[in-house]
Structure formats: structure tokens, C-alpha cells
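Student: I'm passing along model-v5.tsv; it holds TSV, C-alpha atoms.
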```
chain	number	residue	atom	x	y	z
A	1	MET	CA	-82.45	-143.07	-1.16
A	2	GLY	CA	-79.50	-144.07	-3.34
A	3	ARG	CA	-76.18	-145.29	-1.93
A	4	VAL	CA	-75.25	-145.49	1.74
A	5	VAL	CA	-71.63	-146.30	2.56
A	6	ILE	CA	-70.99	-147.93	5.92
A	7	ALA	CA	-67.30	-147.73	6.84
A	8	PRO	CA	-66.69	-148.34	10.57
A	9	ASP	CA	-63.63	-149.38	12.51
A	10	SER	CA	-64.04	-152.17	15.06
A	11	TYR	CA	-65.53	-151.49	18.47
A	12	LYS	CA	-62.39	-152.79	20.14
A	13	GLY	CA	-62.91	-155.55	22.67
A	14	SER	CA	-66.52	-155.93	21.57
A	15	VAL	CA	-67.37	-156.19	17.85
A	16	SER	CA	-65.17	-156.55	14.77
A	17	ALA	CA	-65.32	-153.94	12.02
A	18	LEU	CA	-67.26	-156.39	9.85
A	19	GLY	CA	-69.69	-157.08	12.69
A	20	VAL	CA	-70.21	-153.35	13.24
A	21	ALA	CA	-70.82	-152.80	9.51
A	22	GLU	CA	-73.40	-155.59	9.40
A	23	ALA	CA	-75.24	-154.25	12.46
A	24	MET	CA	-75.25	-150.73	11.01
A	25	ALA	CA	-76.61	-152.07	7.71
A	26	ARG	CA	-79.50	-153.76	9.52
A	27	GLY	CA	-80.34	-150.46	11.18
A	28	VAL	CA	-80.19	-148.51	7.93
A	29	ARG	CA	-82.52	-151.01	6.25
A	30	GLN	CA	-85.20	-150.23	8.85
A	31	VAL	CA	-85.44	-146.69	7.46
A	32	PHE	CA	-84.10	-146.94	3.92
A	33	PRO	CA	-85.06	-150.46	2.75
A	34	GLN	CA	-84.25	-149.78	-0.92
A	35	ALA	CA	-80.85	-148.19	-0.33
A	36	ASP	CA	-77.74	-149.47	-2.10
A	37	ILE	CA	-75.73	-150.24	1.04
A	38	ARG	CA	-71.98	-150.69	0.66
A	39	LYS	CA	-70.27	-152.23	3.73
A	40	ILE	CA	-66.57	-151.33	3.95
A	41	PRO	CA	-65.02	-152.55	7.24
A	42	ILE	CA	-61.90	-150.53	7.87
A	43	ALA	CA	-59.02	-150.14	10.30
A	44	ASP	CA	-56.42	-147.51	11.07
A	45	GLY	CA	-53.44	-149.62	12.04
A	46	GLY	CA	-54.90	-151.20	15.17
A	47	GLU	CA	-57.05	-154.26	15.69
A	48	GLY	CA	-58.64	-155.39	12.43
A	49	THR	CA	-55.94	-154.12	10.06
A	50	VAL	CA	-54.90	-157.62	9.00
A	51	GLU	CA	-58.51	-158.67	8.43
A	52	ALA	CA	-59.36	-155.52	6.47
A	53	LEU	CA	-56.37	-155.73	4.14
A	54	VAL	CA	-56.48	-159.50	3.63
A	55	CYS	CA	-60.19	-159.34	2.80
A	56	ALA	CA	-59.81	-156.33	0.52
A	57	THR	CA	-57.06	-158.00	-1.54
A	58	SER	CA	-58.25	-161.64	-1.41
A	59	GLY	CA	-55.14	-162.59	0.54
A	60	ARG	CA	-54.65	-165.27	3.15
A	61	VAL	CA	-54.09	-165.53	6.90
A	62	ARG	CA	-51.12	-167.26	8.54
A	63	GLU	CA	-50.23	-168.05	12.15
A	64	ALA	CA	-47.08	-167.68	14.23
A	65	GLU	CA	-45.98	-168.31	17.80
A	66	VAL	CA	-44.63	-165.21	19.53
A	67	VAL	CA	-44.60	-163.75	23.05
A	68	ASP	CA	-47.15	-161.35	24.52
A	69	PRO	CA	-46.28	-158.05	26.29
A	70	LEU	CA	-45.22	-159.98	29.41
A	71	GLY	CA	-43.20	-162.62	27.57
A	72	ARG	CA	-45.74	-165.46	27.57
A	73	LYS	CA	-46.03	-167.62	24.46
A	74	ILE	CA	-49.12	-167.05	22.31
A	75	ARG	CA	-50.25	-167.87	18.78
A	76	VAL	CA	-51.26	-164.93	16.61
A	77	GLN	CA	-52.44	-164.29	13.07
A	78	TRP	CA	-50.77	-162.28	10.36
A	79	GLY	CA	-51.53	-161.96	6.67
A	80	VAL	CA	-50.21	-162.14	3.15
A	81	LEU	CA	-51.97	-159.85	0.70
A	82	GLY	CA	-53.40	-160.98	-2.60
A	83	ASP	CA	-50.23	-160.00	-4.48
A	84	GLY	CA	-48.37	-162.81	-2.67
A	85	ARG	CA	-45.47	-160.43	-1.97
A	86	THR	CA	-46.74	-158.22	0.84
A	87	ALA	CA	-47.08	-159.19	4.49
A	88	VAL	CA	-49.34	-157.40	6.96
A	89	ILE	CA	-49.01	-157.69	10.73
A	90	GLU	CA	-50.61	-156.01	13.74
A	91	MET	CA	-48.49	-155.12	16.72
A	92	ALA	CA	-51.72	-155.35	18.73
A	93	ALA	CA	-51.83	-159.09	18.04
A	94	ALA	CA	-48.51	-159.64	19.79
A	95	SER	CA	-48.10	-156.58	22.03
A	96	GLY	CA	-51.63	-155.25	22.46
A	97	LEU	CA	-53.49	-154.01	25.50
A	98	PRO	CA	-56.35	-156.57	25.21
A	99	LEU	CA	-53.81	-159.37	25.79
A	100	LEU	CA	-53.46	-158.28	29.41
A	101	HIS	CA	-55.88	-158.39	32.31
A	102	GLN	CA	-56.56	-155.05	33.98
A	103	ASP	CA	-54.29	-155.90	36.92
A	104	GLU	CA	-51.45	-156.91	34.58
A	105	ARG	CA	-51.19	-153.58	32.78
A	106	ASP	CA	-47.84	-151.93	33.50
A	107	PRO	CA	-46.14	-149.99	30.68
A	108	ARG	CA	-42.92	-149.97	32.68
A	109	LYS	CA	-42.55	-153.72	32.04
A	110	ALA	CA	-44.47	-154.46	28.82
A	111	THR	CA	-42.41	-155.27	25.73
A	112	THR	CA	-42.76	-155.14	21.94
A	113	PHE	CA	-40.50	-158.20	21.55
A	114	GLY	CA	-43.38	-160.25	20.07
A	115	THR	CA	-43.87	-157.63	17.37
A	116	GLY	CA	-40.23	-158.01	16.40
A	117	GLN	CA	-40.74	-161.76	16.22
A	118	LEU	CA	-43.61	-161.21	13.79
A	119	ILE	CA	-41.40	-159.07	11.56
A	120	ARG	CA	-38.84	-161.86	11.62
A	121	ARG	CA	-41.51	-164.41	10.59
A	122	CYS	CA	-42.27	-162.26	7.54
A	123	LEU	CA	-38.60	-162.16	6.61
A	124	ASP	CA	-38.30	-165.93	7.12
A	125	ALA	CA	-41.19	-166.38	4.68
A	126	GLY	CA	-39.24	-164.49	2.03
A	127	LEU	CA	-41.45	-161.41	2.20
A	128	ARG	CA	-39.63	-158.09	1.98
A	129	ASN	CA	-42.64	-155.79	1.64
A	130	ILE	CA	-44.22	-155.47	5.09
A	131	ILE	CA	-47.14	-153.40	6.37
A	132	ILE	CA	-47.19	-153.04	10.16
A	133	GLY	CA	-50.26	-151.76	11.99
A	134	ILE	CA	-49.16	-150.22	15.27
A	135	GLY	CA	-52.37	-149.23	17.06
A	136	GLY	CA	-53.64	-150.69	20.33
A	137	SER	CA	-50.39	-151.25	22.20
A	138	ALA	CA	-49.85	-152.22	25.83
A	139	THR	CA	-46.26	-151.00	25.67
A	140	ASN	CA	-44.12	-147.92	26.24
A	141	ASP	CA	-40.67	-149.24	25.38
A	142	GLY	CA	-39.88	-147.14	22.31
A	143	GLY	CA	-39.80	-150.28	20.19
A	144	ALA	CA	-36.72	-151.54	22.01
A	145	GLY	CA	-38.25	-154.99	22.44
A	146	MET	CA	-39.06	-155.14	18.74
A	147	ALA	CA	-35.49	-154.17	17.87
A	148	ARG	CA	-34.08	-156.71	20.33
A	149	ALA	CA	-36.00	-159.49	18.53
A	150	LEU	CA	-34.24	-158.38	15.33
A	151	GLY	CA	-30.79	-158.61	16.91
A	152	VAL	CA	-30.21	-155.15	18.43
A	153	ARG	CA	-28.60	-155.12	21.90
A	154	PHE	CA	-29.41	-152.56	24.60
A	155	LEU	CA	-26.61	-152.33	27.15
A	156	ALA	CA	-26.26	-150.86	30.65
A	157	ASP	CA	-23.17	-149.22	32.15
A	158	ASP	CA	-21.65	-152.57	33.10
A	159	GLY	CA	-22.16	-154.01	29.61
A	160	SER	CA	-25.05	-156.23	30.63
A	161	GLU	CA	-28.23	-156.46	28.57
A	162	LEU	CA	-31.13	-154.40	29.87
A	163	PRO	CA	-34.29	-156.28	30.87
A	164	GLU	CA	-37.47	-155.73	28.84
A	165	GLY	CA	-39.73	-152.74	29.44
A	166	GLY	CA	-39.84	-149.00	29.06
A	167	ALA	CA	-38.64	-148.12	32.56
A	168	GLU	CA	-35.34	-149.93	32.00
A	169	LEU	CA	-34.43	-147.54	29.18
A	170	ALA	CA	-33.46	-144.98	31.80
A	171	ARG	CA	-30.35	-147.12	32.45
A	172	LEU	CA	-29.42	-147.41	28.75
A	173	LYS	CA	-25.75	-146.67	28.08
A	174	ARG	CA	-25.13	-148.02	24.59
A	175	ILE	CA	-26.98	-149.59	21.65
A	176	ASP	CA	-25.14	-152.30	19.70
A	177	LEU	CA	-26.33	-152.81	16.11
A	178	THR	CA	-23.69	-155.40	15.19
A	179	ASP	CA	-26.03	-158.39	15.08
A	180	ILE	CA	-29.16	-156.81	13.59
A	181	ASP	CA	-30.77	-159.11	11.03
A	182	PRO	CA	-29.28	-158.02	7.65
A	183	ARG	CA	-32.58	-158.79	5.91
A	184	VAL	CA	-34.13	-155.79	7.66
A	185	ALA	CA	-32.15	-153.43	5.42
A	186	GLU	CA	-33.58	-155.20	2.35
A	187	ALA	CA	-37.19	-154.70	3.42
A	188	THR	CA	-39.71	-152.04	2.50
A	189	ILE	CA	-41.65	-151.39	5.69
A	190	THR	CA	-44.79	-149.27	5.71
A	191	VAL	CA	-46.09	-148.43	9.16
A	192	ALA	CA	-49.86	-147.99	9.42
A	193	CYS	CA	-50.05	-145.36	12.13
A	194	ASP	CA	-53.25	-143.93	13.58
A	195	VAL	CA	-51.82	-140.92	15.45
A	196	ASP	CA	-49.32	-138.10	14.81
A	197	ASN	CA	-47.85	-137.71	18.30
A	198	PRO	CA	-44.11	-137.14	18.87
A	199	LEU	CA	-42.14	-139.47	21.12
A	200	CYS	CA	-41.88	-137.28	24.23
A	201	GLY	CA	-43.44	-134.28	25.93
A	202	PRO	CA	-47.05	-133.27	26.66
A	203	ARG	CA	-48.29	-134.91	23.42
A	204	GLY	CA	-45.84	-137.78	23.61
A	205	ALA	CA	-46.32	-141.52	24.01
A	206	SER	CA	-46.17	-141.57	27.80
A	207	ALA	CA	-48.34	-138.53	28.56
A	208	VAL	CA	-51.14	-139.17	26.07
A	209	PHE	CA	-51.36	-142.96	25.95
A	210	GLY	CA	-49.64	-144.09	29.16
A	211	PRO	CA	-52.65	-143.65	31.48
A	212	GLN	CA	-54.84	-146.06	29.49
A	213	LYS	CA	-52.07	-148.65	29.83
A	214	GLY	CA	-51.96	-148.36	33.61
A	215	ALA	CA	-49.56	-145.44	34.15
A	216	THR	CA	-50.06	-143.07	37.08
A	217	PRO	CA	-48.85	-139.45	36.75
A	218	GLU	CA	-45.62	-140.47	38.47
A	219	ILE	CA	-45.10	-143.38	36.07
A	220	VAL	CA	-45.86	-141.13	33.10
A	221	ALA	CA	-43.04	-138.80	34.16
A	222	GLU	CA	-40.69	-141.76	34.68
A	223	LEU	CA	-41.45	-143.24	31.26
A	224	ASP	CA	-41.24	-139.92	29.43
A	225	ALA	CA	-37.77	-139.30	30.85
A	226	ALA	CA	-36.72	-142.86	29.94
A	227	LEU	CA	-37.90	-142.43	26.34
A	228	ALA	CA	-36.09	-139.09	26.03
A	229	HIS	CA	-32.88	-140.78	27.17
A	230	PHE	CA	-33.51	-143.69	24.80
A	231	ALA	CA	-33.97	-141.27	21.88
A	232	GLU	CA	-30.62	-139.63	22.60
A	233	ARG	CA	-28.82	-143.00	22.62
A	234	ALA	CA	-30.68	-144.27	19.56
A	235	GLN	CA	-29.77	-141.13	17.61
A	236	ILE	CA	-26.11	-141.66	18.47
A	237	ALA	CA	-26.27	-145.33	17.39
A	238	THR	CA	-28.23	-144.88	14.16
A	239	GLY	CA	-27.52	-141.30	13.11
A	240	ARG	CA	-31.27	-140.75	12.78
A	241	ASP	CA	-33.19	-137.96	14.51
A	242	VAL	CA	-36.81	-139.11	14.63
A	243	ALA	CA	-38.14	-138.34	18.12
A	244	THR	CA	-40.05	-135.23	17.08
A	245	LEU	CA	-41.48	-136.66	13.86
A	246	PRO	CA	-45.27	-137.16	13.66
A	247	GLY	CA	-46.13	-140.71	14.73
A	248	ALA	CA	-42.89	-141.30	16.65
A	249	GLY	CA	-44.96	-141.59	19.83
A	250	ALA	CA	-47.42	-144.11	18.37
A	251	ALA	CA	-47.72	-147.46	20.17
A	252	GLY	CA	-45.63	-146.38	23.13
A	253	GLY	CA	-42.85	-145.16	20.88
A	254	LEU	CA	-42.80	-148.14	18.54
A	255	GLY	CA	-43.18	-145.62	15.72
A	256	ALA	CA	-39.84	-144.12	16.72
A	257	GLY	CA	-38.23	-147.53	17.19
A	258	LEU	CA	-39.21	-148.65	13.71
A	259	MET	CA	-37.81	-145.44	12.21
A	260	PHE	CA	-34.61	-145.75	14.24
A	261	PHE	CA	-33.83	-149.40	13.52
A	262	THR	CA	-35.55	-150.27	10.21
A	263	PRO	CA	-36.16	-148.50	6.87
A	264	ALA	CA	-39.75	-147.87	7.96
A	265	LYS	CA	-41.90	-145.05	6.62
A	266	LEU	CA	-44.98	-143.99	8.58
A	267	ARG	CA	-48.27	-143.43	6.83
A	268	PRO	CA	-51.80	-142.97	8.24
A	269	GLY	CA	-53.13	-146.50	8.61
A	270	VAL	CA	-56.61	-145.66	7.47
A	271	GLU	CA	-55.21	-144.29	4.18
A	272	ILE	CA	-53.51	-147.63	3.48
A	273	VAL	CA	-56.76	-149.52	4.04
A	274	LEU	CA	-58.96	-147.05	2.14
A	275	ASP	CA	-56.62	-147.18	-0.85
A	276	ALA	CA	-56.66	-150.99	-0.79
A	277	VAL	CA	-60.47	-151.14	-0.91
A	278	GLY	CA	-60.85	-148.41	-3.55
A	279	PHE	CA	-62.86	-146.28	-1.14
A	280	ALA	CA	-62.77	-143.08	-3.20
A	281	GLU	CA	-64.55	-144.72	-6.12
A	282	ILE	CA	-67.19	-146.21	-3.83
A	283	VAL	CA	-67.93	-143.09	-1.81
A	284	ARG	CA	-68.09	-140.56	-4.65
A	285	GLU	CA	-71.66	-141.69	-5.53
A	286	ALA	CA	-72.88	-141.95	-1.92
A	287	ASP	CA	-75.76	-140.01	-0.37
A	288	PHE	CA	-74.09	-140.24	3.02
A	289	VAL	CA	-71.53	-142.23	5.01
A	290	ILE	CA	-71.81	-143.81	8.45
A	291	THR	CA	-68.52	-144.48	10.22
A	292	GLY	CA	-67.70	-145.14	13.86
A	293	GLU	CA	-65.43	-146.73	16.47
A	294	GLY	CA	-65.58	-148.02	20.00
A	295	ARG	CA	-64.92	-144.65	21.59
A	296	THR	CA	-64.65	-141.24	19.98
A	297	ASP	CA	-62.70	-138.61	21.92
A	298	PHE	CA	-59.94	-136.05	21.39
A	299	GLN	CA	-57.59	-138.74	20.07
A	300	THR	CA	-59.86	-139.43	17.09
A	301	ALA	CA	-59.07	-136.04	15.59
A	302	TYR	CA	-55.37	-136.98	15.49
A	303	GLY	CA	-56.11	-139.15	12.44
A	304	LYS	CA	-58.01	-142.24	13.50
A	305	ALA	CA	-60.30	-144.18	11.17
A	306	PRO	CA	-63.47	-142.02	11.23
A	307	VAL	CA	-61.48	-138.91	10.38
A	308	GLY	CA	-59.69	-140.75	7.56
A	309	VAL	CA	-63.04	-141.79	6.12
A	310	ALA	CA	-64.35	-138.22	6.36
A	311	LYS	CA	-61.27	-136.83	4.63
A	312	VAL	CA	-61.98	-138.89	1.51
A	313	ALA	CA	-65.76	-138.40	1.59
A	314	LYS	CA	-65.42	-134.63	1.81
A	315	GLN	CA	-63.52	-134.58	-1.47
A	316	PHE	CA	-66.89	-135.38	-3.03
A	317	GLY	CA	-69.10	-133.33	-0.70
A	318	VAL	CA	-70.62	-136.43	0.93
A	319	PRO	CA	-72.03	-136.02	4.49
A	320	VAL	CA	-70.38	-138.18	7.16
A	321	PHE	CA	-71.94	-139.33	10.43
A	322	CYS	CA	-69.96	-140.98	13.23
A	323	LEU	CA	-71.82	-143.53	15.37
A	324	SER	CA	-69.60	-144.78	18.18
A	325	GLY	CA	-69.85	-146.95	21.26
A	326	GLY	CA	-69.13	-144.01	23.53
A	327	LEU	CA	-68.16	-140.33	23.41
A	328	GLY	CA	-65.34	-139.00	25.54
A	329	HIS	CA	-63.65	-135.69	26.23
A	330	GLY	CA	-62.97	-133.82	22.99
A	331	ALA	CA	-65.30	-135.91	20.82
A	332	GLU	CA	-66.58	-132.69	19.29
A	333	ASP	CA	-63.09	-132.04	17.88
A	334	VAL	CA	-63.95	-134.37	14.98
A	335	LEU	CA	-66.52	-131.84	13.74
A	336	ALA	CA	-63.59	-129.77	12.46
A	337	CYS	CA	-62.25	-132.80	10.58
A	338	GLY	CA	-65.04	-133.39	8.08
A	339	ILE	CA	-67.49	-135.29	10.27
A	340	ASP	CA	-70.92	-133.64	10.25
A	341	ALA	CA	-72.35	-135.17	13.42
A	342	VAL	CA	-71.30	-137.63	16.11
A	343	MET	CA	-73.50	-139.70	18.41
A	344	SER	CA	-73.33	-142.70	20.73
A	345	ILE	CA	-75.12	-146.01	20.36
A	346	CYS	CA	-76.19	-145.80	24.01
A	347	ASP	CA	-79.89	-144.95	24.26
A	348	ARG	CA	-80.01	-144.75	28.05
A	349	PRO	CA	-77.64	-144.62	31.02
A	350	MET	CA	-75.73	-147.91	31.18
A	351	ALA	CA	-72.53	-149.44	32.49
A	352	LEU	CA	-69.68	-150.07	30.05
A	353	GLU	CA	-70.08	-153.82	30.52
A	354	GLU	CA	-73.76	-153.62	29.52
A	355	CYS	CA	-72.91	-151.58	26.45
A	356	ILE	CA	-70.23	-154.04	25.35
A	357	ALA	CA	-72.45	-157.06	25.92
A	358	GLY	CA	-75.32	-155.57	23.94
A	359	ALA	CA	-73.24	-153.78	21.32
A	360	PRO	CA	-74.63	-155.41	18.13
A	361	ALA	CA	-78.24	-154.61	19.04
A	362	LEU	CA	-77.30	-151.12	20.22
A	363	ILE	CA	-75.39	-150.44	16.99
A	364	GLU	CA	-78.41	-151.54	14.96
A	365	SER	CA	-80.89	-149.43	16.93
A	366	GLY	CA	-78.50	-146.47	16.97
A	367	SER	CA	-78.18	-146.66	13.19
A	368	THR	CA	-81.96	-146.66	12.89
A	369	ARG	CA	-82.26	-143.56	15.11
A	370	LEU	CA	-79.58	-141.80	13.10
A	371	CYS	CA	-81.27	-142.64	9.80
A	372	ARG	CA	-84.64	-141.41	11.05
A	373	ILE	CA	-83.02	-138.05	11.77
A	374	ILE	CA	-81.40	-138.02	8.33
A	375	LYS	CA	-84.72	-138.90	6.69
A	376	ALA	CA	-86.56	-136.15	8.55
A	377	ALA	CA	-83.89	-133.62	7.56
A	378	ARG	CA	-84.10	-134.63	3.91
A	379	MET	CA	-87.90	-134.36	3.95
A	380	GLY	CA	-87.64	-130.85	5.31
A	381	ARG	CA	-85.53	-129.57	2.42
```
How does the structure come out when it is put into C-alpha cells?
Tutor:
Amino acid sequence: MGRVVIAPDSYKGSVSALGVAEAMARGVRQVFPQADIRKIPIADGGEGTVEALVCATSGRVREAEVVDPLGRKIRVQWGVLGDGRTAVIEMAAASGLPLLHQDERDPRKATTFGTGQLIRRCLDAGLRNIIIGIGGSATNDGGAGMARALGVRFLADDGSELPEGGAELARLKRIDLTDIDPRVAEATITVACDVDNPLCGPRGASAVFGPQKGATPEIVAELDAALAHFAERAQIATGRDVATLPGAGAAGGLGAGLMFFTPAKLRPGVEIVLDAVGFAEIVREADFVITGEGRTDFQTAYGKAPVGVAKVAKQFGVPVFCLSGGLGHGAEDVLACGIDAVMSICDRPMALEECIAGAPALIESGSTRLCRIIKAARMGR
């Protein structure tokens, strides 16, 4: 056995991308002890994006005080890349779903204000090149909270400011850009986006991602209508028509908000990370690649990390195997995206809590099982 490339995303809420890579490497060693194992922790714009890019470029981590999706003060990390000129932030750090307890999740009320505060911290530090990872949100406010933190005002019929949250956008009458931070126009903002969904409709932010944030079917309909109304008002205020663009529906519509109110350009997050680590040069000599994530389902095929890894590996004809914490509806869709096989780390029926608690050991043993299959297949050639 020659080179094995291990390039997983984090198992969110359980193990970091680096931790997953190390566990996978231990499993591979059980079967291929002499292999040249290359561990490449990656991210696609969600949790772990700051860590992946800071590590890949020998940058540094900073801290800031912002508010969480419900307006409570928290301290979060952001990064400066090795060039000293580029900032990287994760909206998940300030406005992410893991920041809320299960009974606190309500996309009608959650705000991206803290994400806007992080952007402002970057500008305060003199950084005008900003990468923003927008996966893992708890929000569905179209990025209105983010824009409000940068000075944009969202007004109701009576001229009063709307409260935070996606549901309030249904009452939006006018958007006032007078006081937007002028430094925003000077910035180059690259949005690391892990999905290609539009803002509204059956594949929009509310319908696809709302349920995991606590939205019932009735709330989904309410939020989708509110975002459609918001898009109309934002187009009038900015002259930009972005609601149907791929990625506009990412992070509860933050993708759209960034395109409406900043000079942001969306790009697949995993591509940004893979370019930073020089993945193409590493994978071209590989015998096979193991990737993975916490849960693989129909959303993965929209452009999440494992599919991004496979896209590069397939340029060189390298087999790609996806080993994930769990498999959901539509997991087989990734087989049309360059992934050769997909399997779960679970080796028996178990509750989610048990799987999370034992994830490192399960990842290791799952990697060993996978490699035994690969070895047997190679011997049978």
C-alpha cells in the first residue's frame, strides 16, 4: 500500500475534523501499517473552517465578544491567515445551532447579529479581505441581523425598527442603508458556502433547513413567506436581485443577506479549504481517499465537504470512500458525485447519544472494517 489520504469534515457536536482524521488514521494502520497516511482535516464553511484555514496557512486565532442567536453575550474565536491580511470567521461560532439547547431552537426569533459583529471586528482590525464560513446556522433571518450590526436599519410601517428574527421580516416596510459601515464597501468578502439552495421555495432556506432548527410545517410556510417579502424589499433598497442565486438560501438566507448588503461573492467552502492545503497535489499520488462527516444524507450531494473532496480526487482517478457517523435519507445520492462507497461507523443498533459518546473508537473501528474490505478487493484483482 502506498499513500492513503484522510480528509474528513468534523462530526459536528462530537469530534473535530482533526480528531476524526486521527481516529481514521489509527484504523487504517491496523490494516495497512506501512501506508503513507496524509491527514487533511477539512471543512466546508461550517464548524471547523477557521481551524482548517488557520492551520493550513500557519495563521493565528483571535477572540471577540459577540451575541449568540438569542442575543446573549459570548466569546468566540476567529482567525487571521498566515498572510496577515486575510480574516476568517465562522457564522456558526456566533449564530450556530449548537449554541442553543433543543428547547431554545426557534428560527422565527434567532438572529445573525453576532455574525455581523464578527465582520465588524475584522474591519476594526484593519483587515479588508474576509472569508466567512456560513454553515451550521440556527437562524432564518435572511442575514438581516448581520446587516443590522453593520448599520442597516429594517423599518416597519410606523417607522419603528423591527425586532430580531426571521418572522419579523413579514412586517418589513423599508430598508435604510444610510448608516451602513462605509468600510464594508472597501472589503473583499468571500463566502464559504456548503450548499447551492435558493432563498425561497421548495429548495429554499426555510423548507430545507428550517425543520432541523425547530420549524414545524406551519412555521416553515411563515418563514418562507417572510423571506420572500424581505427579498422584494432588499432588491428595492440595493438594486440587487440575488434571491434565486445558488447559495442564497444558505444559513437561513445569510447567503442572500451578504450578497444584498456587502460585496460578497459565494464560493463552495470546501474548495477554499482544499486550495489552501494544496489538496490536489497531495491526492494525485494517493491509492485511495477516506472522507466523512457527522451525517451523510441528501444535503451532502448539494456540495458539502465529502463531495468537494471527491470532485478533486476524481480528476486523478483516485477512489473515494465516505465514512460517516450516520446515513440519512438520500445518502446514496453522493454515489453520483464521485464517491465510490458510503458507510456508517455504527457497527450495531445504537442510540444517537451512544454513537456520539463513543465516536472516536467507532471511527477507528469503522476505518479498520473499511480497509479490510479494500484490502480484500485489491487481493482479488
Student: Which residues come within 7 Å of segment 104-113 of chain A, counting all atoms listed in the file, excluding same-chain residues fewer than 3 positions away, as a list in words?
Tutor: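 So the residues in contact are Pro69, Leu70, Ser95, Leu100, His101, Gly116, Gln117, Ala138, Thr139, Asn140, Asp141, Gly143, Gly145, Met146, Arg148, Ala149, Glu164, Gly165, Gly166, Ala167, Lys213, Gly214 and Ala215 of chain A.
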Student: Which residues are close to segment 183-193 of chain A, i.e. within 8 Å by only C-alpha atoms, leaving aside same-chain residues fewer than 6 positions away? Reply as a list in words.
Tutor: Asp44, Gly45, Leu123, Arg128, Asn129, Ile130, Ile131, Ile132, Gly133, Ile134, Gly135, Gly247, Ala250, Gly255, Thr262, Pro263, Ala264, Lys265, Leu266, Arg267, Pro268, Gly269, Val270 and Ile272 of chain A
Student: In Å to one decimal, how far is atom CA of Val195 of chain A from atom CA of Ala225 of chain A?
Tutor: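 So the two atoms, atom CA of Ala225 of chain A and atom CA of Val195 of chain A, lie 20.9 Å apart.
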Student: So, counting all atoms listed in the file, which residue among A:Leu150, A:Val80, A:Leu53, A:Ala359 is closest to Gly19 of chain A?
Tutor: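 Of all the options, A:Ala359 lies closest to Gly19 of chain A.
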Student: Ranking A:Val31, A:Ala310, A:Leu99, A:Cys346 by minimum distance to Val67 of chain A and counting all atoms listed in the file, which one comes first?
Tutor: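 Closest to Val67 of chain A, using all atoms listed in the file: A:Leu99.
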Student: Find the spatial neighbours of segment 197-202 of chain A, counting all atoms listed in the file, within a cut-off of 10 Å - ignore same-chain residues fewer than 2 positions away - and output them as a ChimeraX atom specification.
Tutor: /A:142,194-195,204-209,221,223-228,231,242-257,299,302
Student: Can you pull out the residues contacting Gly328 of chain A? Cut-off 9 Å, using only C-alpha atoms, and skip same-chain residues under 5 positions away; I want them as a PyMOL selection string.
Tutor: chain A and resi 295-298
Student: Can I get the selection written as a PDB file, in the frame of the given file, with C-alpha atoms?
Tutor:
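Final output, again00.pdb:
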```
ATOM      1  CA  ARG A 295     -64.920-144.650  21.590  1.00  0.00           C
ATOM      2  CA  THR A 296     -64.650-141.240  19.980  1.00  0.00           C
ATOM      3  CA  ASP A 297     -62.700-138.610  21.920  1.00  0.00           C
ATOM      4  CA  PHE A 298     -59.940-136.050  21.390  1.00  0.00           C
TER       5      PHE A 298
END
```
Student: To one decimal place in Å, what is the distance between atom CA of Phe154 of chain A and atom CA of Gly136 of chain A?
Tutor: 24.7 Å
Student: Would you mind reading off the distance between atom CA of Ser324 of chain A and atom CA of Ala361 of chain A, one decimal, in Å?
Tutor: 13.1 Å
Student: Near Gln77 of chain A, within 8 Å and counting all atoms listed in the file, which residues show up once chain neighbours fewer than 4 positions away are dropped, as a PyMOL selection string?
Tutor: chain A and resi 61-64+89+93
Student: Given the choices A:Val309, A:Ala170, A:Val273, A:Leu162, which gets closest to Glu222 of chain A if the distance is worked out from only C-alpha atoms?
Tutor: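 Nearest candidate to Glu222 of chain A out of A:Val309, A:Ala170, A:Val273, A:Leu162: A:Ala170.
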Student: From the list A:Glu161, A:Asp9, A:Asp241, A:Glu353, which residue is nearest Pro306 of chain A when using only C-alpha atoms?
Tutor: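 Checking each candidate against Pro306 of chain A, we get A:Asp9 as the closest.
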Student: Counting only C-alpha atoms, figure out which residue out of A:Val283, A:Leu97, A:Ile236, A:Ala147 gets nearest to Gly13 of chain A.
Tutor: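 Residue with the minimum atom-to-atom distance to Gly13 of chain A: A:Leu97.
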Student: Using all atoms listed in the file, which residue out of A:Glu293, A:Arg372, A:Met379, A:Val76 lies closest to Val342 of chain A?
Tutor: A:Glu293
